[in-house]
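Novice: Have a peek at coords.txt (compact mmCIF, N, CA and C atoms and all ligand atoms).
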```txt
# COMPACT_ATOMS: atom_id res chain seq x y z
N GLY A 220 0.83 -1.21 0.00
CA GLY A 220 0.00 0.00 0.00
C GLY A 220 0.86 1.24 0.00
N GLY A 221 0.37 2.29 0.64
CA GLY A 221 1.13 3.49 0.74
C GLY A 221 0.74 4.58 -0.24
N ALA A 222 0.01 4.22 -1.28
CA ALA A 222 -0.42 5.24 -2.23
C ALA A 222 -1.47 6.13 -1.57
N ALA A 223 -1.35 7.43 -1.78
CA ALA A 223 -2.28 8.37 -1.17
C ALA A 223 -3.44 8.64 -2.12
N GLU A 224 -4.02 7.57 -2.65
CA GLU A 224 -5.15 7.73 -3.55
C GLU A 224 -6.40 8.06 -2.74
N PRO A 225 -7.23 8.95 -3.22
CA PRO A 225 -8.48 9.19 -2.50
C PRO A 225 -9.37 7.96 -2.61
N PRO A 226 -10.24 7.75 -1.62
CA PRO A 226 -11.15 6.62 -1.72
C PRO A 226 -12.11 6.82 -2.89
N PRO A 227 -12.60 5.74 -3.46
CA PRO A 227 -13.53 5.89 -4.58
C PRO A 227 -14.84 6.50 -4.10
N ARG A 228 -15.50 7.22 -4.97
CA ARG A 228 -16.84 7.71 -4.64
C ARG A 228 -17.80 6.53 -4.64
N LEU A 229 -18.70 6.53 -3.66
CA LEU A 229 -19.71 5.48 -3.56
C LEU A 229 -21.01 6.05 -4.12
N VAL A 230 -21.31 5.67 -5.35
CA VAL A 230 -22.45 6.24 -6.06
C VAL A 230 -23.45 5.13 -6.34
N LEU A 231 -24.57 5.16 -5.65
CA LEU A 231 -25.59 4.13 -5.84
C LEU A 231 -26.39 4.43 -7.10
N ASP A 232 -26.61 3.40 -7.93
CA ASP A 232 -27.49 3.51 -9.09
C ASP A 232 -28.91 3.20 -8.60
N LEU A 233 -29.71 4.25 -8.46
CA LEU A 233 -31.03 4.09 -7.83
C LEU A 233 -32.01 3.31 -8.70
N GLU A 234 -31.84 3.37 -10.03
CA GLU A 234 -32.73 2.59 -10.90
C GLU A 234 -32.45 1.10 -10.74
N ARG A 235 -31.18 0.75 -10.74
CA ARG A 235 -30.82 -0.66 -10.51
C ARG A 235 -31.29 -1.12 -9.13
N LEU A 236 -31.09 -0.24 -8.15
CA LEU A 236 -31.46 -0.60 -6.78
C LEU A 236 -32.96 -0.89 -6.67
N SER A 237 -33.75 -0.07 -7.36
CA SER A 237 -35.20 -0.27 -7.26
C SER A 237 -35.64 -1.55 -7.97
N ALA A 238 -34.77 -2.08 -8.86
CA ALA A 238 -35.12 -3.30 -9.60
C ALA A 238 -34.74 -4.57 -8.84
N VAL A 239 -33.94 -4.45 -7.78
CA VAL A 239 -33.56 -5.62 -6.99
C VAL A 239 -34.73 -5.99 -6.08
N PRO A 240 -35.08 -7.28 -5.97
CA PRO A 240 -36.20 -7.66 -5.11
C PRO A 240 -36.01 -7.13 -3.69
N SER A 241 -37.08 -6.58 -3.12
CA SER A 241 -36.94 -5.90 -1.84
C SER A 241 -36.65 -6.86 -0.70
N GLU A 242 -36.90 -8.17 -0.89
CA GLU A 242 -36.53 -9.11 0.17
C GLU A 242 -35.02 -9.10 0.39
N LYS A 243 -34.27 -8.78 -0.68
CA LYS A 243 -32.81 -8.67 -0.54
C LYS A 243 -32.37 -7.24 -0.29
N ALA A 244 -32.92 -6.32 -1.06
CA ALA A 244 -32.40 -4.95 -1.06
C ALA A 244 -33.19 -4.02 -0.17
N GLY A 245 -34.24 -4.52 0.51
CA GLY A 245 -35.11 -3.65 1.29
C GLY A 245 -34.40 -2.72 2.25
N PRO A 246 -33.47 -3.25 3.10
CA PRO A 246 -32.80 -2.34 4.03
C PRO A 246 -32.02 -1.24 3.33
N LEU A 247 -31.31 -1.59 2.24
CA LEU A 247 -30.57 -0.57 1.52
C LEU A 247 -31.52 0.41 0.83
N GLN A 248 -32.64 -0.10 0.29
CA GLN A 248 -33.61 0.79 -0.35
C GLN A 248 -34.16 1.80 0.67
N ARG A 249 -34.44 1.33 1.88
CA ARG A 249 -34.96 2.26 2.90
C ARG A 249 -33.88 3.24 3.34
N TYR A 250 -32.63 2.77 3.45
CA TYR A 250 -31.52 3.64 3.86
C TYR A 250 -31.32 4.75 2.83
N ALA A 251 -31.30 4.35 1.55
CA ALA A 251 -31.10 5.34 0.49
C ALA A 251 -32.26 6.33 0.45
N ALA A 252 -33.48 5.82 0.64
CA ALA A 252 -34.64 6.72 0.62
C ALA A 252 -34.57 7.72 1.77
N THR A 253 -34.04 7.27 2.92
CA THR A 253 -33.90 8.16 4.07
C THR A 253 -32.89 9.27 3.77
N ILE A 254 -31.76 8.91 3.16
CA ILE A 254 -30.76 9.92 2.81
C ILE A 254 -31.34 10.91 1.80
N GLN A 255 -32.04 10.40 0.79
CA GLN A 255 -32.67 11.31 -0.18
C GLN A 255 -33.60 12.28 0.52
N SER A 256 -34.39 11.75 1.46
CA SER A 256 -35.34 12.59 2.17
C SER A 256 -34.62 13.63 3.02
N GLN A 257 -33.54 13.20 3.73
CA GLN A 257 -32.82 14.14 4.59
C GLN A 257 -32.18 15.26 3.77
N ARG A 258 -31.73 14.92 2.54
CA ARG A 258 -31.10 15.93 1.69
C ARG A 258 -32.11 16.72 0.87
N GLY A 259 -33.34 16.23 0.78
CA GLY A 259 -34.28 16.81 -0.18
C GLY A 259 -33.86 16.55 -1.61
N ASP A 260 -33.21 15.38 -1.83
CA ASP A 260 -32.63 15.04 -3.14
C ASP A 260 -33.45 13.91 -3.76
N TYR A 261 -34.54 14.28 -4.41
CA TYR A 261 -35.51 13.27 -4.85
C TYR A 261 -35.42 12.89 -6.31
N ASN A 262 -34.73 13.69 -7.12
CA ASN A 262 -34.86 13.51 -8.56
C ASN A 262 -33.68 12.79 -9.19
N GLY A 263 -32.71 12.38 -8.36
CA GLY A 263 -31.51 11.81 -8.94
C GLY A 263 -31.70 10.38 -9.42
N LYS A 264 -30.94 10.01 -10.45
CA LYS A 264 -30.84 8.61 -10.86
C LYS A 264 -29.75 7.90 -10.06
N VAL A 265 -28.89 8.70 -9.45
CA VAL A 265 -27.83 8.16 -8.61
C VAL A 265 -27.81 8.92 -7.30
N LEU A 266 -27.16 8.32 -6.29
CA LEU A 266 -27.03 8.96 -4.97
C LEU A 266 -25.64 8.68 -4.44
N SER A 267 -24.87 9.74 -4.20
CA SER A 267 -23.56 9.60 -3.58
C SER A 267 -23.75 9.45 -2.07
N ILE A 268 -23.13 8.44 -1.49
CA ILE A 268 -23.25 8.23 -0.05
C ILE A 268 -21.88 8.31 0.62
N ARG A 269 -21.91 8.40 1.95
CA ARG A 269 -20.68 8.51 2.72
C ARG A 269 -20.00 7.16 2.86
N GLN A 270 -18.66 7.22 2.97
CA GLN A 270 -17.91 6.00 3.29
C GLN A 270 -18.44 5.39 4.60
N ASP A 271 -18.75 6.26 5.56
CA ASP A 271 -19.27 5.77 6.84
C ASP A 271 -20.57 5.00 6.67
N ASP A 272 -21.36 5.39 5.68
CA ASP A 272 -22.64 4.70 5.48
C ASP A 272 -22.44 3.25 5.07
N LEU A 273 -21.33 2.98 4.40
CA LEU A 273 -21.03 1.60 4.03
C LEU A 273 -20.80 0.75 5.28
N ARG A 274 -20.12 1.32 6.27
CA ARG A 274 -19.89 0.62 7.54
C ARG A 274 -21.23 0.34 8.23
N THR A 275 -22.08 1.34 8.25
CA THR A 275 -23.40 1.17 8.87
C THR A 275 -24.20 0.09 8.15
N LEU A 276 -24.16 0.11 6.83
CA LEU A 276 -24.92 -0.88 6.05
C LEU A 276 -24.37 -2.29 6.28
N ALA A 277 -23.05 -2.40 6.46
CA ALA A 277 -22.46 -3.72 6.73
C ALA A 277 -22.99 -4.28 8.04
N VAL A 278 -23.18 -3.40 9.04
CA VAL A 278 -23.76 -3.84 10.31
C VAL A 278 -25.21 -4.27 10.10
N ILE A 279 -25.96 -3.46 9.35
CA ILE A 279 -27.37 -3.78 9.09
C ILE A 279 -27.48 -5.14 8.39
N TYR A 280 -26.59 -5.39 7.43
CA TYR A 280 -26.64 -6.65 6.67
C TYR A 280 -25.88 -7.78 7.37
N ASP A 281 -25.24 -7.49 8.51
CA ASP A 281 -24.49 -8.49 9.26
C ASP A 281 -23.50 -9.22 8.36
N GLN A 282 -22.75 -8.43 7.60
CA GLN A 282 -21.76 -8.96 6.66
C GLN A 282 -20.53 -8.06 6.71
N PRO A 283 -19.34 -8.62 6.42
CA PRO A 283 -18.19 -7.73 6.22
C PRO A 283 -18.48 -6.75 5.09
N ALA A 284 -17.97 -5.53 5.23
CA ALA A 284 -18.22 -4.52 4.20
C ALA A 284 -17.77 -5.01 2.82
N SER A 285 -16.69 -5.79 2.79
CA SER A 285 -16.18 -6.24 1.49
C SER A 285 -17.19 -7.15 0.78
N LEU A 286 -17.88 -8.02 1.55
CA LEU A 286 -18.88 -8.90 0.94
C LEU A 286 -20.10 -8.09 0.50
N LEU A 287 -20.48 -7.11 1.31
CA LEU A 287 -21.61 -6.28 0.93
C LEU A 287 -21.32 -5.53 -0.37
N VAL A 288 -20.11 -4.99 -0.48
CA VAL A 288 -19.74 -4.27 -1.70
C VAL A 288 -19.79 -5.21 -2.90
N ASP A 289 -19.26 -6.45 -2.73
CA ASP A 289 -19.33 -7.42 -3.83
C ASP A 289 -20.78 -7.64 -4.27
N GLN A 290 -21.68 -7.76 -3.28
CA GLN A 290 -23.08 -7.99 -3.62
C GLN A 290 -23.68 -6.80 -4.38
N LEU A 291 -23.36 -5.59 -3.92
CA LEU A 291 -23.90 -4.39 -4.59
C LEU A 291 -23.36 -4.28 -6.01
N ILE A 292 -22.09 -4.68 -6.20
CA ILE A 292 -21.52 -4.65 -7.54
C ILE A 292 -22.23 -5.69 -8.41
N ASN A 293 -22.50 -6.89 -7.84
CA ASN A 293 -23.20 -7.92 -8.62
C ASN A 293 -24.59 -7.48 -9.02
N TRP A 294 -25.25 -6.70 -8.16
CA TRP A 294 -26.58 -6.18 -8.50
C TRP A 294 -26.50 -5.05 -9.54
N GLY A 295 -25.29 -4.53 -9.78
CA GLY A 295 -25.16 -3.38 -10.67
C GLY A 295 -25.45 -2.06 -9.99
N VAL A 296 -25.53 -2.08 -8.64
CA VAL A 296 -25.88 -0.87 -7.89
C VAL A 296 -24.65 0.00 -7.63
N LEU A 297 -23.47 -0.65 -7.52
CA LEU A 297 -22.22 0.08 -7.34
C LEU A 297 -21.27 -0.26 -8.48
N ASP A 298 -20.41 0.71 -8.80
CA ASP A 298 -19.37 0.50 -9.79
C ASP A 298 -18.28 -0.41 -9.19
N PRO A 299 -17.67 -1.31 -10.02
CA PRO A 299 -16.63 -2.19 -9.49
C PRO A 299 -15.47 -1.46 -8.82
N ASP A 300 -15.23 -0.23 -9.19
CA ASP A 300 -14.16 0.54 -8.56
C ASP A 300 -14.42 0.74 -7.06
N ALA A 301 -15.67 0.59 -6.64
CA ALA A 301 -16.00 0.77 -5.21
C ALA A 301 -15.30 -0.26 -4.33
N ARG A 302 -14.81 -1.37 -4.91
CA ARG A 302 -14.07 -2.36 -4.09
C ARG A 302 -12.91 -1.73 -3.36
N ARG A 303 -12.31 -0.70 -3.96
CA ARG A 303 -11.18 -0.04 -3.30
C ARG A 303 -11.59 0.58 -1.97
N ALA A 304 -12.88 0.87 -1.79
CA ALA A 304 -13.32 1.51 -0.54
C ALA A 304 -13.16 0.57 0.64
N VAL A 305 -13.18 -0.72 0.41
CA VAL A 305 -13.07 -1.67 1.52
C VAL A 305 -11.76 -2.43 1.50
N ARG A 306 -11.08 -2.48 0.37
CA ARG A 306 -9.85 -3.26 0.29
C ARG A 306 -8.78 -2.67 1.19
N GLU A 307 -8.77 -1.30 1.31
CA GLU A 307 -7.68 -0.63 2.01
C GLU A 307 -7.75 -0.82 3.53
N ASP A 308 -8.96 -0.86 4.09
CA ASP A 308 -9.05 -0.92 5.55
C ASP A 308 -10.10 -1.95 5.98
N ASP A 309 -10.12 -3.08 5.32
CA ASP A 309 -11.06 -4.13 5.70
C ASP A 309 -10.72 -4.64 7.11
N SER A 310 -11.72 -5.04 7.86
CA SER A 310 -11.44 -5.53 9.21
C SER A 310 -12.41 -6.63 9.58
P1 LIG A 401 -25.23 17.05 8.66
O1 LIG A 401 -24.37 15.83 8.65
O2 LIG A 401 -25.18 17.89 9.90
O3 LIG A 401 -24.81 17.92 7.41
C1 LIG A 401 -25.31 19.24 7.26
C2 LIG A 401 -25.05 19.75 5.86
O4 LIG A 401 -23.64 19.79 5.62
C3 LIG A 401 -25.63 18.85 4.78
O5 LIG A 401 -26.99 19.20 4.54
C4 LIG A 401 -24.73 19.21 3.60
O6 LIG A 401 -25.15 20.45 3.04
C5 LIG A 401 -23.39 19.42 4.27
N1 LIG A 401 -22.58 18.18 4.26
C6 LIG A 401 -22.23 17.40 5.30
N2 LIG A 401 -21.40 16.41 4.92
C7 LIG A 401 -21.24 16.57 3.58
C8 LIG A 401 -20.49 15.85 2.60
O7 LIG A 401 -19.76 14.86 2.85
N3 LIG A 401 -20.60 16.31 1.32
C9 LIG A 401 -21.37 17.37 1.00
N4 LIG A 401 -21.46 17.71 -0.31
N5 LIG A 401 -22.06 18.08 1.89
C10 LIG A 401 -21.99 17.68 3.17
P2 LIG A 401 -27.95 18.12 3.83
O8 LIG A 401 -27.31 17.55 2.60
O9 LIG A 401 -29.26 18.81 3.64
O10 LIG A 401 -28.10 16.94 4.87
C11 LIG A 401 -28.87 17.15 6.06
C12 LIG A 401 -28.61 16.02 7.05
O11 LIG A 401 -29.05 14.78 6.49
C13 LIG A 401 -27.15 15.82 7.39
O12 LIG A 401 -26.78 16.70 8.43
C14 LIG A 401 -27.14 14.36 7.85
O13 LIG A 401 -27.63 14.28 9.18
C15 LIG A 401 -28.15 13.73 6.91
N6 LIG A 401 -27.50 13.17 5.72
C16 LIG A 401 -27.55 13.66 4.46
N7 LIG A 401 -26.88 12.88 3.62
C17 LIG A 401 -26.37 11.86 4.37
C18 LIG A 401 -25.56 10.73 4.05
O14 LIG A 401 -25.14 10.49 2.90
N8 LIG A 401 -25.26 9.90 5.07
C19 LIG A 401 -25.67 10.15 6.36
N9 LIG A 401 -25.28 9.30 7.31
N10 LIG A 401 -26.43 11.21 6.69
C20 LIG A 401 -26.77 12.06 5.70
P1 LIG A 402 -19.77 13.52 -10.18
O1 LIG A 402 -19.55 13.38 -8.72
O2 LIG A 402 -19.02 12.58 -11.08
O3 LIG A 402 -21.33 13.39 -10.41
C1 LIG A 402 -21.84 13.30 -11.75
C2 LIG A 402 -23.33 13.49 -11.75
O4 LIG A 402 -23.95 12.40 -11.05
C3 LIG A 402 -23.82 14.75 -11.05
O5 LIG A 402 -23.81 15.84 -11.94
C4 LIG A 402 -25.26 14.38 -10.70
O6 LIG A 402 -26.09 14.52 -11.83
C5 LIG A 402 -25.12 12.90 -10.37
N1 LIG A 402 -24.98 12.70 -8.92
C6 LIG A 402 -23.91 12.24 -8.23
N2 LIG A 402 -24.20 12.10 -6.94
C7 LIG A 402 -25.49 12.46 -6.79
C8 LIG A 402 -26.37 12.50 -5.68
O7 LIG A 402 -26.06 12.16 -4.52
N3 LIG A 402 -27.65 12.93 -5.93
C9 LIG A 402 -28.05 13.31 -7.18
N4 LIG A 402 -29.32 13.75 -7.34
N5 LIG A 402 -27.25 13.28 -8.25
C10 LIG A 402 -25.99 12.85 -8.05
P2 LIG A 402 -23.77 17.33 -11.34
O8 LIG A 402 -24.73 17.48 -10.22
O9 LIG A 402 -23.92 18.24 -12.52
O10 LIG A 402 -22.30 17.46 -10.73
C11 LIG A 402 -21.19 17.47 -11.61
C12 LIG A 402 -19.91 17.35 -10.81
O11 LIG A 402 -19.81 18.47 -9.91
C13 LIG A 402 -19.84 16.11 -9.95
O12 LIG A 402 -19.39 15.00 -10.68
C14 LIG A 402 -18.80 16.56 -8.93
O13 LIG A 402 -17.50 16.51 -9.49
C15 LIG A 402 -19.18 18.03 -8.71
N6 LIG A 402 -20.13 18.06 -7.59
C16 LIG A 402 -21.47 18.20 -7.60
N7 LIG A 402 -21.97 18.16 -6.36
C17 LIG A 402 -20.91 18.01 -5.54
C18 LIG A 402 -20.77 17.89 -4.13
O14 LIG A 402 -21.73 17.92 -3.34
N8 LIG A 402 -19.50 17.71 -3.65
C19 LIG A 402 -18.40 17.69 -4.48
N9 LIG A 402 -17.19 17.56 -3.96
N10 LIG A 402 -18.52 17.77 -5.83
C20 LIG A 402 -19.74 17.95 -6.32
P1 LIG A 403 -18.07 15.20 -1.37
O1 LIG A 403 -19.07 16.28 -1.11
O2 LIG A 403 -17.14 15.37 -2.53
O3 LIG A 403 -17.21 15.03 -0.03
C1 LIG A 403 -16.00 14.23 -0.03
C2 LIG A 403 -15.54 14.00 1.37
O4 LIG A 403 -15.21 15.26 2.00
C3 LIG A 403 -16.62 13.37 2.25
O5 LIG A 403 -16.59 11.97 2.08
C4 LIG A 403 -16.16 13.81 3.65
O6 LIG A 403 -15.11 12.99 4.10
C5 LIG A 403 -15.61 15.21 3.39
N1 LIG A 403 -16.65 16.24 3.61
C6 LIG A 403 -17.26 17.02 2.69
N2 LIG A 403 -18.12 17.88 3.27
C7 LIG A 403 -18.05 17.65 4.60
C8 LIG A 403 -18.71 18.21 5.74
O7 LIG A 403 -19.56 19.13 5.64
N3 LIG A 403 -18.40 17.68 6.95
C9 LIG A 403 -17.50 16.67 7.10
N4 LIG A 403 -17.26 16.18 8.32
N5 LIG A 403 -16.85 16.11 6.04
C10 LIG A 403 -17.13 16.60 4.81
P2 LIG A 403 -17.87 11.10 2.47
O8 LIG A 403 -18.35 11.48 3.83
O9 LIG A 403 -17.49 9.69 2.25
O10 LIG A 403 -19.02 11.52 1.41
C11 LIG A 403 -18.95 11.09 0.07
C12 LIG A 403 -19.94 11.87 -0.78
O11 LIG A 403 -21.30 11.58 -0.36
C13 LIG A 403 -19.82 13.37 -0.72
O12 LIG A 403 -18.80 13.79 -1.59
C14 LIG A 403 -21.20 13.82 -1.17
O13 LIG A 403 -21.32 13.67 -2.57
C15 LIG A 403 -22.10 12.78 -0.52
N6 LIG A 403 -22.56 13.23 0.80
C16 LIG A 403 -22.15 12.75 1.99
N7 LIG A 403 -22.80 13.34 2.99
C17 LIG A 403 -23.64 14.24 2.43
C18 LIG A 403 -24.60 15.16 2.98
O14 LIG A 403 -24.80 15.30 4.22
N8 LIG A 403 -25.30 15.89 2.09
C19 LIG A 403 -25.09 15.79 0.75
N9 LIG A 403 -25.82 16.58 -0.05
N10 LIG A 403 -24.19 14.93 0.20
C20 LIG A 403 -23.49 14.17 1.04
```
Show me this structure written as structure tokens.

Specialist:
Amino acid sequence: GGAAEPPPRLVLDLERLSAVPSEKAGPLQRYAATIQSQRGDYNGKVLSIRQDDLRTLAVIYDQPASLLVDQLINWGVLDPDARRAVREDDS
């Protein structure tokens, strides 16, 4: 390691997210809807979220953040570059 690269932006694709069955994506769908509501940001096709929110979501999903990111990438909700957000400080 050692490179001072900024962490990747975590940009949720809201159209893809809404297409994932809610039995799987329900908690994330509610989390994203809450952030949109708090920001008053209702019209976006995408939503940038905080790095910290990924940690919170990993707790909600009871999974390591790295596995959650893999799942979101498989759903098409996150860009594959988002893996860098968890590779650097996975725990
Ligand atoms: P807050 O955390 O007290 O942030 C107040 C305002 O500071 C935000 O108003 C926004 O204008 C600005 N701000 C704070 N952090 C950032 C940032 O990383 N990037 C940018 N561009 N601006 C930032 P806003 O957007 O109306 O949000 C209101 C409140 O909603 C926030 O209060 C926070 O409690 C919650 N919120 C909004 N978006 C998020 C999010 O992505 N994650 C979490 N955990 N909370 C959020
Ligand atoms: P970017 O971060 O690559 O975002 C590209 C476009 O994706 C944005 O164009 C916007 O249409 C959409 N987008 C990204 N995140 C969100 C989101 O959380 N909500 C919504 N509704 N749309 C989102 P836009 O708005 O014309 O911004 C162009 C560029 O301006 C952004 O490129 C970024 O480089 C900068 N920018 C805009 N807002 C912020 C901000 O709050 N913080 C920072 N640091 N840069 C910003
Ligand atoms: P961004 O606006 O380009 O902010 C990049 C990073 O700068 C944030 O990463 C955070 O570490 C720091 N930062 C920016 N504004 C503030 C601030 O007001 N307070 C603090 N404590 N730190 C700030 P982070 O947290 O991972 O957020 C990633 C992106 O998610 C932000 O990019 C922005 O697009 C979005 N975002 C996060 N929180 C908010 C929010 O409260 N409101 C809005 N509108 N967007 C947010």

Novice: How would you write, as a PyMOL selection string, the set of residues no farther than 5 Å from ligand LIG 402 (chain A) when counting all atoms listed in the file?

Specialist: chain A and resi 262-263+265-267

Novice: Please, which residues in chain A fall within 6.5 Å of ligand LIG 401 (chain A) when counting all atoms listed in the file, and what is the closest atom pair and distance in Å to one decimal for each, ordered by chain then residue number, as a Markdown table?

Specialist:
```
| residue | atom | partner | partner_atom | distance |
| --- | --- | --- | --- | --- |
| A:Ile254 | CA | A:LIG401 | N7 | 4.9 |
| A:Gln255 | N | A:LIG401 | N7 | 6.4 |
| A:Gln257 | C | A:LIG401 | O11 | 4.2 |
| A:Arg258 | CA | A:LIG401 | O9 | 3.9 |
| A:Gly259 | N | A:LIG401 | O9 | 5.6 |
| A:Ser267 | C | A:LIG401 | O14 | 5.3 |
| A:Ile268 | CA | A:LIG401 | O14 | 4.2 |
| A:Arg269 | N | A:LIG401 | O14 | 4.0 |
| A:Asp271 | C | A:LIG401 | N9 | 6.4 |
| A:Asp272 | CA | A:LIG401 | N9 | 5.6 |
```

Novice: How big is the axis-aligned box, and where does its centre sit, when it encloses all atoms of ligand LIG 403 (chain A) listed in the file and has 5 Å added on every side, reported in Å to one decimal as AutoDock Vina command-line options?

Specialist:
```
--center_x -20.5 --center_y 14.4 --center_z 2.9 --size_x 20.7 --size_y 19.4 --size_z 20.9
```

Novice: Assign secondary structure with DSSP using the backbone only, and return the residues of chain A in strand (DSSP E) as a list in words.

Specialist: Leu229, Val230, Leu231, Asp232, Val265, Leu266, Ser267 and Ile268 of chain A

Novice: Counting only N, CA and C atoms and all ligand atoms, figure out which residue out of A:Ala301, A:Glu224, A:Leu229, A:Ala238 gets nearest to ligand LIG 403 (chain A).

Specialist: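 Of A:Ala301, A:Glu224, A:Leu229, A:Ala238, the one nearest ligand LIG 403 (chain A), counting only N, CA and C atoms and all ligand atoms, is A:Leu229.
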
Novice: Choose the residue, out of A:Gln270, A:Ser285, A:Gln290, A:Thr275, that has the smallest atom-to-atom separation from ligand LIG 403 (chain A); count all atoms listed in the file.

Specialist: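 Ranked by minimum distance to ligand LIG 403 (chain A), first place goes to A:Gln270.
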
Novice: What does the distance between atom N of Ser241 (chain A) and CA of Pro226 (chain A) come to in Å, to one decimal place?

Specialist: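 Atom-to-atom, atom N of Ser241 (chain A) to CA of Pro226 (chain A), that is 29.1 Å.
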
Novice: Among the residues of region 228-305 of chain A, find those DSSP assigns to helix (DSSP H, G or I) from the backbone and print them as a VMD selection string.

Specialist: chain A and resid 233 to 238 241 to 258 270 to 280 284 to 294 299 to 305

Novice: Would you list the residues near (-26.1, -4.5, -8.7) (no more than 12 Å away, in the coordinates of the file, using only C-alpha atoms) as a ChimeraX atom specification?

Specialist: /A:230-240,243-244,247,287-299,301

Novice: Please, what distance in Å, to one decimal, runs between atom C of Thr253 (chain A) and atom C15 of ligand LIG 403 (chain A)?

Specialist: 12.1 Å

Novice: Go through A:Lys264, A:Leu286, A:Pro227, A:Val278 and flag the residue nearest Ala304 (chain A), using all atoms listed in the file for the distances.

Specialist: A:Pro227

Novice: What does the distance between atom N7 of ligand LIG 403 (chain A) and atom N of Leu273 (chain A) come to in Å, to one decimal place?

Specialist: 10.6 Å

Novice: Which residue, A:Leu276, A:Asp260, A:Ala284, A:Arg303, has the smallest gap to Pro246 (chain A) when you use only C-alpha atoms?

Specialist: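 Smallest separation from Pro246 (chain A) among the options: A:Leu276.
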